[in-house]
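**Q** The structure that follows is given in the form of structure tokens.
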Amino acid sequence: MAATIIDGKALATQVKAQVREEAANLARKPGLAVILVGDNPASRVYVTSKRKDCEECGFLSEEFALPATTTQQELLTLIDQLNHRADIDGILCQLPLPRGLNEREVLLAIDPAKDVDCFHPYNVGLLTIGEPRFQPCTPGGVMEMLKAYDINPAGKRCVVLGRSNIVGKPMALLLLHAHGTVTVCHSKTPNMAELAAEADILVSAVGKTGLVTADMVKEGAAVIDVAMNRNEAGKLCGDVCYAEAAEKASFITPVPGGVGPMTRAMLMRNTLTAARMHLG
Ligand code: GUN
């Protein structure tokens, strides 16, 4: 049986419409500041999309495009200014930063109350104990997709491929909080294919084209592909061999049009949450 395709784009449109409606009832527009250092073309595309999302949601959006030569101190000074601005609720510094800049120090400098990426250790701590105020955007988007398609992780075998701070680790936590039995696989896992094949919910966040083959997909599984890779032809693709996996899965996310749009929608929701918090 062919898998149901999880339409992240349509779901993201719904989430953003709801965010827009709720934002319209606030005393002022939610404000998001996006910092982009250097000229990474992929980052440039993401930042432009985020500006469009802000327009769609009726948010104030301010973009700070800084040259690759920006010093650590200049970046920290900008963040400090944004931390103190009453019209800015969320601050996002696009990663990766150019070489020479200290990412950890930058993420620590962002006021946790404005950390709409949920990257600050304080917010990661809240997430870990199951009391998050912001949802990490990509994993949070995945959870929304599961919910929208009535896929409940409770009691299910969930396997996450990848252990990054941005996706793998917070993804595992959210699935765990949703009562899944969670296994995290990574580059040192000897039997990843075997473990993946046991998953009712399989989330791949590695960044390796062709990683997830049909033999790694359990019959009837939900397959969520978080990766954004380019194949040899320069075409956007995920980790999952989509056509063959779709023949075994019951649900599958496409790339593009799957998790990506949901990540951005969750950023808008976090910015709304931050604005609510700041408005009291
Ligand atoms: N680079 C890739 N993904 C992300 C993200 O979710 N947030 C930020 N700030 N940078 C990224």
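Each chain in the structure tokens gets a letter, A, B, ..., in the order shown, and its residues are numbered from 1; ligands are numbered from 1 in order too.
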Using only C-alpha atoms and all ligand atoms, find each protein or nucleic acid residue lying at most 9 Å from ligand 1; present the set as a VMD selection string.
**A** chain A and resid 34 to 36 42 to 43 46 91 to 97 116 to 119 136 to 138 166 to 167 263 to 264 267
**Q** Restricting it to N, CA and C atoms, dump the selection as an mmCIF file, in the first residue's frame.
**A**
data_model
loop_
_atom_site.group_PDB
_atom_site.id
_atom_site.type_symbol
_atom_site.label_atom_id
_atom_site.label_comp_id
_atom_site.auth_asym_id
_atom_site.auth_seq_id
_atom_site.Cartn_x
_atom_site.Cartn_y
_atom_site.Cartn_z
ATOM 1 N N VAL A 34 16.465 38.857 12.867
ATOM 2 C CA VAL A 34 17.245 37.752 12.299
ATOM 3 C C VAL A 34 18.634 38.286 11.938
ATOM 4 N N ILE A 35 19.655 37.623 12.469
ATOM 5 C CA ILE A 35 21.038 38.039 12.214
ATOM 6 C C ILE A 35 21.686 37.032 11.274
ATOM 7 N N LEU A 36 22.245 37.550 10.210
ATOM 8 C CA LEU A 36 22.956 36.692 9.252
ATOM 9 C C LEU A 36 24.374 37.234 9.103
ATOM 10 N N ALA A 42 22.938 29.169 1.346
ATOM 11 C CA ALA A 42 21.795 28.448 1.934
ATOM 12 C C ALA A 42 21.182 29.279 3.059
ATOM 13 N N SER A 43 22.066 29.866 3.891
ATOM 14 C CA SER A 43 21.577 30.702 4.997
ATOM 15 C C SER A 43 20.798 31.896 4.468
ATOM 16 N N TYR A 46 17.329 30.832 3.672
ATOM 17 C CA TYR A 46 16.533 30.638 4.888
ATOM 18 C C TYR A 46 16.075 31.979 5.459
ATOM 19 N N ILE A 91 15.054 36.724 18.877
ATOM 20 C CA ILE A 91 16.342 36.965 18.210
ATOM 21 C C ILE A 91 16.848 35.640 17.672
ATOM 22 N N LEU A 92 17.117 35.610 16.385
ATOM 23 C CA LEU A 92 17.647 34.383 15.783
ATOM 24 C C LEU A 92 18.949 34.725 15.065
ATOM 25 N N CYS A 93 19.994 34.036 15.455
ATOM 26 C CA CYS A 93 21.261 34.205 14.750
ATOM 27 C C CYS A 93 21.459 32.974 13.869
ATOM 28 N N GLN A 94 21.426 33.179 12.575
ATOM 29 C CA GLN A 94 21.481 32.054 11.632
ATOM 30 C C GLN A 94 22.820 31.322 11.749
ATOM 31 N N LEU A 95 22.735 30.016 11.861
ATOM 32 C CA LEU A 95 23.926 29.161 11.934
ATOM 33 C C LEU A 95 24.110 28.439 10.597
ATOM 34 N N PRO A 96 25.275 28.027 10.232
ATOM 35 C CA PRO A 96 26.527 28.182 10.974
ATOM 36 C C PRO A 96 27.090 29.608 10.840
ATOM 37 N N LEU A 97 27.884 29.994 11.843
ATOM 38 C CA LEU A 97 28.588 31.278 11.781
ATOM 39 C C LEU A 97 29.897 31.086 11.028
ATOM 40 N N VAL A 116 14.065 32.294 20.488
ATOM 41 C CA VAL A 116 12.988 31.585 19.778
ATOM 42 C C VAL A 116 13.479 30.333 19.041
ATOM 43 N N ASP A 117 14.784 30.152 18.928
ATOM 44 C CA ASP A 117 15.350 28.911 18.380
ATOM 45 C C ASP A 117 15.359 27.795 19.426
ATOM 46 N N CYS A 118 15.272 28.189 20.698
ATOM 47 C CA CYS A 118 15.398 27.259 21.831
ATOM 48 C C CYS A 118 16.787 26.612 21.843
ATOM 49 N N PHE A 119 17.814 27.430 21.644
ATOM 50 C CA PHE A 119 19.199 26.951 21.639
ATOM 51 C C PHE A 119 19.949 27.289 22.928
ATOM 52 N N PRO A 136 11.751 23.628 20.365
ATOM 53 C CA PRO A 136 12.800 23.675 19.338
ATOM 54 C C PRO A 136 12.106 23.531 17.979
ATOM 55 N N CYS A 137 12.456 24.399 17.019
ATOM 56 C CA CYS A 137 11.603 24.574 15.830
ATOM 57 C C CYS A 137 11.446 23.307 14.991
ATOM 58 N N THR A 138 12.548 22.673 14.621
ATOM 59 C CA THR A 138 12.427 21.507 13.734
ATOM 60 C C THR A 138 11.761 20.324 14.448
ATOM 61 N N ILE A 166 20.683 20.693 17.404
ATOM 62 C CA ILE A 166 19.566 21.397 16.756
ATOM 63 C C ILE A 166 18.393 20.451 16.508
ATOM 64 N N VAL A 167 18.673 19.219 16.107
ATOM 65 C CA VAL A 167 17.569 18.309 15.757
ATOM 66 C C VAL A 167 17.562 16.999 16.570
ATOM 67 N N THR A 263 9.287 23.831 10.235
ATOM 68 C CA THR A 263 10.307 24.447 11.086
ATOM 69 C C THR A 263 10.071 25.953 11.155
ATOM 70 N N ARG A 264 9.842 26.541 9.996
ATOM 71 C CA ARG A 264 9.644 27.993 9.943
ATOM 72 C C ARG A 264 8.339 28.403 10.616
ATOM 73 N N LEU A 267 8.861 28.573 14.249
ATOM 74 C CA LEU A 267 9.594 29.781 14.634
ATOM 75 C C LEU A 267 8.613 30.945 14.827
#
**Q** Any idea what's packed within 10 Å of Arg104 of chain A, counting only C-alpha atoms, ignoring anything in its chain fewer than 4 positions away? Could you give it as an NGL selection string?
**A** :A and (108-109 or 119-121)
**Q** Looking at A:Met262, A:Leu126, A:Ala23, A:Leu195, which one is nearest to Ile6 of chain A, with distances taken over only C-alpha atoms?
**A**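 Closest candidate: A:Met262.
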**Q** Go through A:Glu131, A:Glu247, A:Glu103, A:Asp200 and flag the residue nearest Ile224 of chain A, using only C-alpha atoms for the distances.
**A**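 Nearest to Ile224 of chain A: A:Asp200.
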**Q** Residues near Val106 of chain A, anyone? I mean within 9 Å using only C-alpha atoms, not counting same-chain ones fewer than 6 positions away, as a ChimeraX atom specification.
**A** /A:72,75-76,79,93
**Q** Selected residues, N, CA and C atoms, written as a PDB file, in the first residue's frame, please.
**A**
ATOM      1  N   GLN A  72      33.625  39.119  16.894  1.00  0.00           N
ATOM      2  CA  GLN A  72      32.811  38.551  17.970  1.00  0.00           C
ATOM      3  C   GLN A  72      32.180  39.675  18.792  1.00  0.00           C
ATOM      4  N   LEU A  75      29.292  41.430  17.075  1.00  0.00           N
ATOM      5  CA  LEU A  75      28.096  40.582  17.085  1.00  0.00           C
ATOM      6  C   LEU A  75      27.450  40.592  18.476  1.00  0.00           C
ATOM      7  N   LEU A  76      28.283  40.496  19.506  1.00  0.00           N
ATOM      8  CA  LEU A  76      27.751  40.498  20.877  1.00  0.00           C
ATOM      9  C   LEU A  76      27.099  41.844  21.213  1.00  0.00           C
ATOM     10  N   ILE A  79      23.669  41.881  19.642  1.00  0.00           N
ATOM     11  CA  ILE A  79      22.740  41.034  20.408  1.00  0.00           C
ATOM     12  C   ILE A  79      22.318  41.735  21.684  1.00  0.00           C
ATOM     13  N   CYS A  93      19.994  34.036  15.455  1.00  0.00           N
ATOM     14  CA  CYS A  93      21.261  34.205  14.750  1.00  0.00           C
ATOM     15  C   CYS A  93      21.459  32.974  13.869  1.00  0.00           C
TER      16      CYS A  93
END
**Q** Residues at most 10 Å from Ile151 of chain A, counting only C-alpha atoms, excluding those fewer than 5 positions away in the same chain, as a list in words?
**A**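 Skipping anything fewer than 5 positions along the chain leaves Met143, Glu144, Met145, Leu146, Lys156, Asp200, Ile201, Ala222 and Phe251 of chain A.
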**Q** Keeping only N, CA, C and O atoms, write those residues as a PDB file, in the first residue's frame.
**A**
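Everything below was put into result-v6.pdb:
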ATOM      1  N   MET A 143       6.687  17.113  15.612  1.00  0.00           N
ATOM      2  CA  MET A 143       5.620  16.686  16.531  1.00  0.00           C
ATOM      3  C   MET A 143       4.256  17.164  16.050  1.00  0.00           C
ATOM      4  O   MET A 143       3.262  16.441  16.149  1.00  0.00           O
ATOM      5  N   GLU A 144       4.216  18.386  15.519  1.00  0.00           N
ATOM      6  CA  GLU A 144       2.952  18.913  14.977  1.00  0.00           C
ATOM      7  C   GLU A 144       2.472  18.071  13.795  1.00  0.00           C
ATOM      8  O   GLU A 144       1.274  17.838  13.621  1.00  0.00           O
ATOM      9  N   MET A 145       3.409  17.651  12.971  1.00  0.00           N
ATOM     10  CA  MET A 145       3.046  16.833  11.807  1.00  0.00           C
ATOM     11  C   MET A 145       2.476  15.493  12.261  1.00  0.00           C
ATOM     12  O   MET A 145       1.481  15.012  11.729  1.00  0.00           O
ATOM     13  N   LEU A 146       3.111  14.889  13.260  1.00  0.00           N
ATOM     14  CA  LEU A 146       2.631  13.604  13.764  1.00  0.00           C
ATOM     15  C   LEU A 146       1.204  13.765  14.306  1.00  0.00           C
ATOM     16  O   LEU A 146       0.314  12.973  14.006  1.00  0.00           O
ATOM     17  N   LYS A 156       5.129   3.662  21.250  1.00  0.00           N
ATOM     18  CA  LYS A 156       5.728   3.247  19.973  1.00  0.00           C
ATOM     19  C   LYS A 156       7.253   3.195  20.056  1.00  0.00           C
ATOM     20  O   LYS A 156       7.871   3.891  20.871  1.00  0.00           O
ATOM     21  N   ASP A 200       8.583   2.246  14.642  1.00  0.00           N
ATOM     22  CA  ASP A 200       7.241   2.621  14.198  1.00  0.00           C
ATOM     23  C   ASP A 200       7.281   4.058  13.684  1.00  0.00           C
ATOM     24  O   ASP A 200       6.555   4.425  12.779  1.00  0.00           O
ATOM     25  N   ILE A 201       8.123   4.865  14.348  1.00  0.00           N
ATOM     26  CA  ILE A 201       8.343   6.247  13.896  1.00  0.00           C
ATOM     27  C   ILE A 201       9.848   6.407  13.688  1.00  0.00           C
ATOM     28  O   ILE A 201      10.636   6.258  14.622  1.00  0.00           O
ATOM     29  N   ALA A 222       5.964   5.312  10.185  1.00  0.00           N
ATOM     30  CA  ALA A 222       5.911   6.720   9.784  1.00  0.00           C
ATOM     31  C   ALA A 222       7.361   7.167   9.599  1.00  0.00           C
ATOM     32  O   ALA A 222       8.180   7.008  10.509  1.00  0.00           O
ATOM     33  N   PHE A 251       3.184   6.420   6.438  1.00  0.00           N
ATOM     34  CA  PHE A 251       3.264   7.878   6.312  1.00  0.00           C
ATOM     35  C   PHE A 251       4.692   8.253   5.964  1.00  0.00           C
ATOM     36  O   PHE A 251       5.635   7.649   6.478  1.00  0.00           O
TER      37      PHE A 251
END
**Q** Show me, as a ChimeraX atom specification, the residues that have an atom within 10 Å of His179 of chain A when counting only C-alpha atoms, minus same-chain residues fewer than 5 positions from it.
**A** /A:152-158,173-174
**Q** Please identify the strand (DSSP E or B) residues within segment 39-280 of chain A (assignment by DSSP from backbone atoms) and present them as a PyMOL selection string.
**A** chain A and resi 60-66+90-93+157-161+181-185+201-204+212+222-225+229-230+236-237+240+251-252
**Q** From a DSSP pass on the backbone, collect the residues of segment 103-279 of chain A flagged as alpha helix (DSSP H) and hand them back as a count of residues only.
**A** 68
**Q** With only C-alpha atoms as the counted atoms, please give the residues lying no more than 7 Å from Asp225 of chain A, apart from itself and same-chain residues fewer than 4 positions off, as a PyMOL selection string.
**A** chain A and resi 203-205+238-240+253
**Q** If we count only C-alpha atoms and set the cut-off at 7 Å, which residues sit around segment 160-165 of chain A, ignoring sequence neighbours fewer than 6 positions away in its own chain? Please answer as number ranges by chain.
**A** A: 172, 183-186, 202-206
**Q** Go ahead and compute the interatomic distance for atom CA of Ala214 of chain A and atom CA of Pro170 of chain A, in Å to one decimal.
**A**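 Rounded to one decimal, the two atoms are 25.8 Å apart.
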**Q** As an exercise, work out the distance from atom CA of Asp7 of chain A to atom CA of Asn25 of chain A in Å and give it to one decimal place.
**A** 28.4 Å
